[in-house]
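**Student:** Next up is a structure, given as structure tokens.
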Amino acid sequence: MSFSTLGLSEAIVRAVTEQGYTQPTPIQLQAIPAVLSGGDLLAGAQTGTGKTAGFTLPILQRLSTTRSPHARGTHRPLRTLVLTPTRELAAQVEESVRVYGKYLPLRSAVVFGGVGIQPQIATLRSGVDILVATPGRLLDLAQQRAVDLSTIEILVLDEADRMLDMGFIHDIKKVLALLPPKRQNLLFSATFSDDIKALADRLLNGPALIEVARRNSTVEVIDQKVHPVDRTRKAQMLMHLLRERGWSQVLVFTRTKHGANRLAEVLEKNGITALAIHGNKSQGARTRALSEFKAGQLRCLVATDIAARGIDIEELPQVVNYELPNVPEDYVHRIGRTGRAGAAGAAVSLVCIDEEGFLRDIERFIKRPIPREVIAGFEPDPNAVAEPILQRGQQQRQGHRGGGRGGPPQGHARPAQAAGGGGGGGRARAPQGRRGR
Ligand code: AMP
């Protein structure tokens, strides 16, 4: 099956072919006809499956072959709204819209917080067909009457589970109230919690249901290893691995923003180019770090889970979990940054005794053990005693959200308990990233 037999125009197929895609991915095979049919869609797909093109291509097709019922003269009404949880994902989705729509006379724009609102207002005023937005900034713009959502024909909620995790449900409801009742709704989510099901029930009308293999069943292409290490020797081990294995481009994950900053500093001091990327950094700093990393000028990008959401780097060969996440799903999202679209990748986790419980939770979640490999010279102290993770920076607030308005801080610390003490099963799942900034 090719893109042209899916009912996409020559202009779209040409743009896709130029990207080097020859075959639609499984999500694209199912989502493209479903979206073209005009009905609602509930899709279970994680990032890395090709889901962005799965909704972008048929939307471009629909918009380029129909006229907005609200079009008057030269006025260009807004026709499609894509909501995303993070600025990075918003920017990436809008870039995809531009790339795939390069031979079409459609205009797109992206709006998110953390950057000036005036240029966004000016862009919206000039007329846009497809708007990609984070919820907070979109509401700010709507409040200032800089955007009219009453002409929307297609709504996409991308990574809806993450939006709910980040506390955006109230903002989403406010946005929904500004949309016309008759529209096509597409909801993409990696997981289906009760909250997502409730949102889907409210939002979708007889949706087509699509579910492609979850990342945690497709992660076979990613070579995963755990390197046991003492908690005080992780930075040394990372530098050792960088040297020994000649890694040139590594995405490194920490649990906290503070931890990301500290590690980036240590690496820099030791002559390894590194920058931290997280919700406390300005949008400019985040964009710069990401583009330097993509361009190969930066050896290590040190990221927190939320900041890394949606980062898509072609052929990123290596991910390092400097600290394990306390939510097993985040492990899958993290290692999914490598081995994308079928490419091979590798993910190593530096695990100290405090994190043994997290590791057990992760292995249970991905339904397989991760091979352990002790690195010579870094054998962990057999007499070490586990310490609660909370005592070492977990209580930090994780701020992250676009938009310039107030909100409760996010990142509830999980209850103090000795990780690695008595099995991982009883660990409370910390609510991920309540919204804040
Ligand atoms: P996504 O899940 O939308 O984040 O996409 C994951 C990656 O797959 C991106 O780097 C896309 O550029 C790439 N991709 C999307 N569709 C295809 C395709 N049909 N063939 C190969 N790569 C693709």
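Residues in the structure tokens are named by chain (A, B, ... in the order shown) and by number from 1 within that chain; ligands are numbered from 1 in the order shown.
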From the DSSP assignment of the backbone, select every residue of segment 142-213 of chain A that is strand (DSSP E or B), and format the answer as an MDAnalysis selection string.

**Tutor:** chainID A and resid 154:157 184:189 208:211

**Student:** Show which residues sit within 12 Å of Glu268 of chain A, as a ChimeraX atom specification. Count only C-alpha atoms, and ignore same-chain residues fewer than 4 positions away.

**Tutor:** /A:235,239,261-264,272-276,298-302

**Student:** Write a file of the selected residues as an mmCIF file, in the first residue's frame, keeping N, CA and C atoms.

**Tutor:**
```cif
data_model
loop_
_atom_site.group_PDB
_atom_site.id
_atom_site.type_symbol
_atom_site.label_atom_id
_atom_site.label_comp_id
_atom_site.auth_asym_id
_atom_site.auth_seq_id
_atom_site.Cartn_x
_atom_site.Cartn_y
_atom_site.Cartn_z
ATOM 1 N N ALA A 235 28.103 10.018 37.486
ATOM 2 C CA ALA A 235 28.674 10.962 36.518
ATOM 3 C C ALA A 235 29.966 10.393 35.943
ATOM 4 N N MET A 239 30.749 9.469 31.995
ATOM 5 C CA MET A 239 31.904 9.979 31.233
ATOM 6 C C MET A 239 32.757 8.827 30.709
ATOM 7 N N ASN A 261 20.494 20.250 35.381
ATOM 8 C CA ASN A 261 21.450 21.363 35.392
ATOM 9 C C ASN A 261 22.806 20.927 35.928
ATOM 10 N N ARG A 262 22.746 20.213 37.059
ATOM 11 C CA ARG A 262 23.976 19.816 37.728
ATOM 12 C C ARG A 262 24.810 18.897 36.838
ATOM 13 N N LEU A 263 24.149 17.953 36.215
ATOM 14 C CA LEU A 263 24.880 17.001 35.374
ATOM 15 C C LEU A 263 25.484 17.702 34.155
ATOM 16 N N ALA A 264 24.706 18.600 33.543
ATOM 17 C CA ALA A 264 25.229 19.319 32.369
ATOM 18 C C ALA A 264 26.482 20.099 32.764
ATOM 19 N N ILE A 272 33.060 17.884 28.110
ATOM 20 C CA ILE A 272 32.060 17.235 27.251
ATOM 21 C C ILE A 272 30.941 18.243 27.011
ATOM 22 N N THR A 273 30.702 18.589 25.759
ATOM 23 C CA THR A 273 29.687 19.614 25.501
ATOM 24 C C THR A 273 28.308 19.087 25.903
ATOM 25 N N ALA A 274 27.629 19.868 26.732
ATOM 26 C CA ALA A 274 26.332 19.420 27.254
ATOM 27 C C ALA A 274 25.472 20.625 27.605
ATOM 28 N N LEU A 275 24.177 20.498 27.396
ATOM 29 C CA LEU A 275 23.222 21.523 27.833
ATOM 30 C C LEU A 275 22.021 20.819 28.447
ATOM 31 N N ALA A 276 21.401 21.497 29.401
ATOM 32 C CA ALA A 276 20.195 20.931 30.020
ATOM 33 C C ALA A 276 18.970 21.537 29.349
ATOM 34 N N LEU A 298 26.541 19.526 19.942
ATOM 35 C CA LEU A 298 26.407 19.278 21.380
ATOM 36 C C LEU A 298 26.401 17.767 21.560
ATOM 37 N N ARG A 299 27.290 17.293 22.448
ATOM 38 C CA ARG A 299 27.401 15.834 22.576
ATOM 39 C C ARG A 299 26.282 15.262 23.457
ATOM 40 N N CYS A 300 25.975 15.988 24.539
ATOM 41 C CA CYS A 300 24.944 15.481 25.453
ATOM 42 C C CYS A 300 23.832 16.509 25.632
ATOM 43 N N LEU A 301 22.619 16.074 25.456
ATOM 44 C CA LEU A 301 21.472 16.892 25.814
ATOM 45 C C LEU A 301 20.877 16.237 27.051
ATOM 46 N N VAL A 302 20.844 17.001 28.153
ATOM 47 C CA VAL A 302 20.370 16.427 29.413
ATOM 48 C C VAL A 302 18.946 16.929 29.632
#
```

**Student:** I'd like the neighbourhood of segment 360-362 of chain A as a list in words, where a residue qualifies if any of its atoms comes within 6 Å (using only C-alpha atoms), though same-chain residues fewer than 2 positions away should be ignored.

**Tutor:** Pro328, Gly357, Phe358, Arg364, Phe365 and Gly424 of chain A

**Student:** Calculated over only C-alpha atoms, which of the candidates A:Pro77, A:Gly127, A:Pro135, A:Gly38 has the smallest distance to Gln61 of chain A?

**Tutor:** A:Gly38

**Student:** For Leu106 of chain A, find every residue with an atom within 10 Å (counting only C-alpha atoms), except residues of its own chain fewer than 5 positions away, and show them as a ChimeraX atom specification.

**Tutor:** /A:60,63-64,76,97-98,101,127-130

**Student:** For Ile353 of chain A, work out the shell of residues within 9 Å, counting only C-alpha atoms and skipping chain neighbours fewer than 3 positions away, then give it as an MDAnalysis selection string.

**Tutor:** chainID A and resid 228:231 356:357 380 384:387 419:420

**Student:** Of the residues A:Val320, A:Val348, A:Ile375, A:Tyr100, which is the one nearest to Glu244 of chain A, using only C-alpha atoms?

**Tutor:**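 Counting only C-alpha atoms, the residue closest to Glu244 of chain A is A:Ile375.
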
**Student:** Quick check for you: according to DSSP on this backbone, which residues of segment 30-216 of chain A are classed as helix (DSSP H, G or I)? Reply as number ranges by chain.

**Tutor:** A: 30-36, 51-65, 87-100, 118-126, 135-143, 149-151, 160-165, 169-177, 194-203, 215-216

**Student:** My list of candidates is A:Leu131, A:Leu324, A:Leu267, A:Ile389. Which is closest to Val156 of chain A when distances are computed with only C-alpha atoms?

**Tutor:**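 Nearest candidate to Val156 of chain A out of A:Leu131, A:Leu324, A:Leu267, A:Ile389: A:Leu131.
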
**Student:** Please indicate the distance in Å from atom CA of Thr52 of chain A to atom 4 (O, counted along the ligand's line) of ligand 1, rounded to one decimal place.

**Tutor:** 5.7 Å
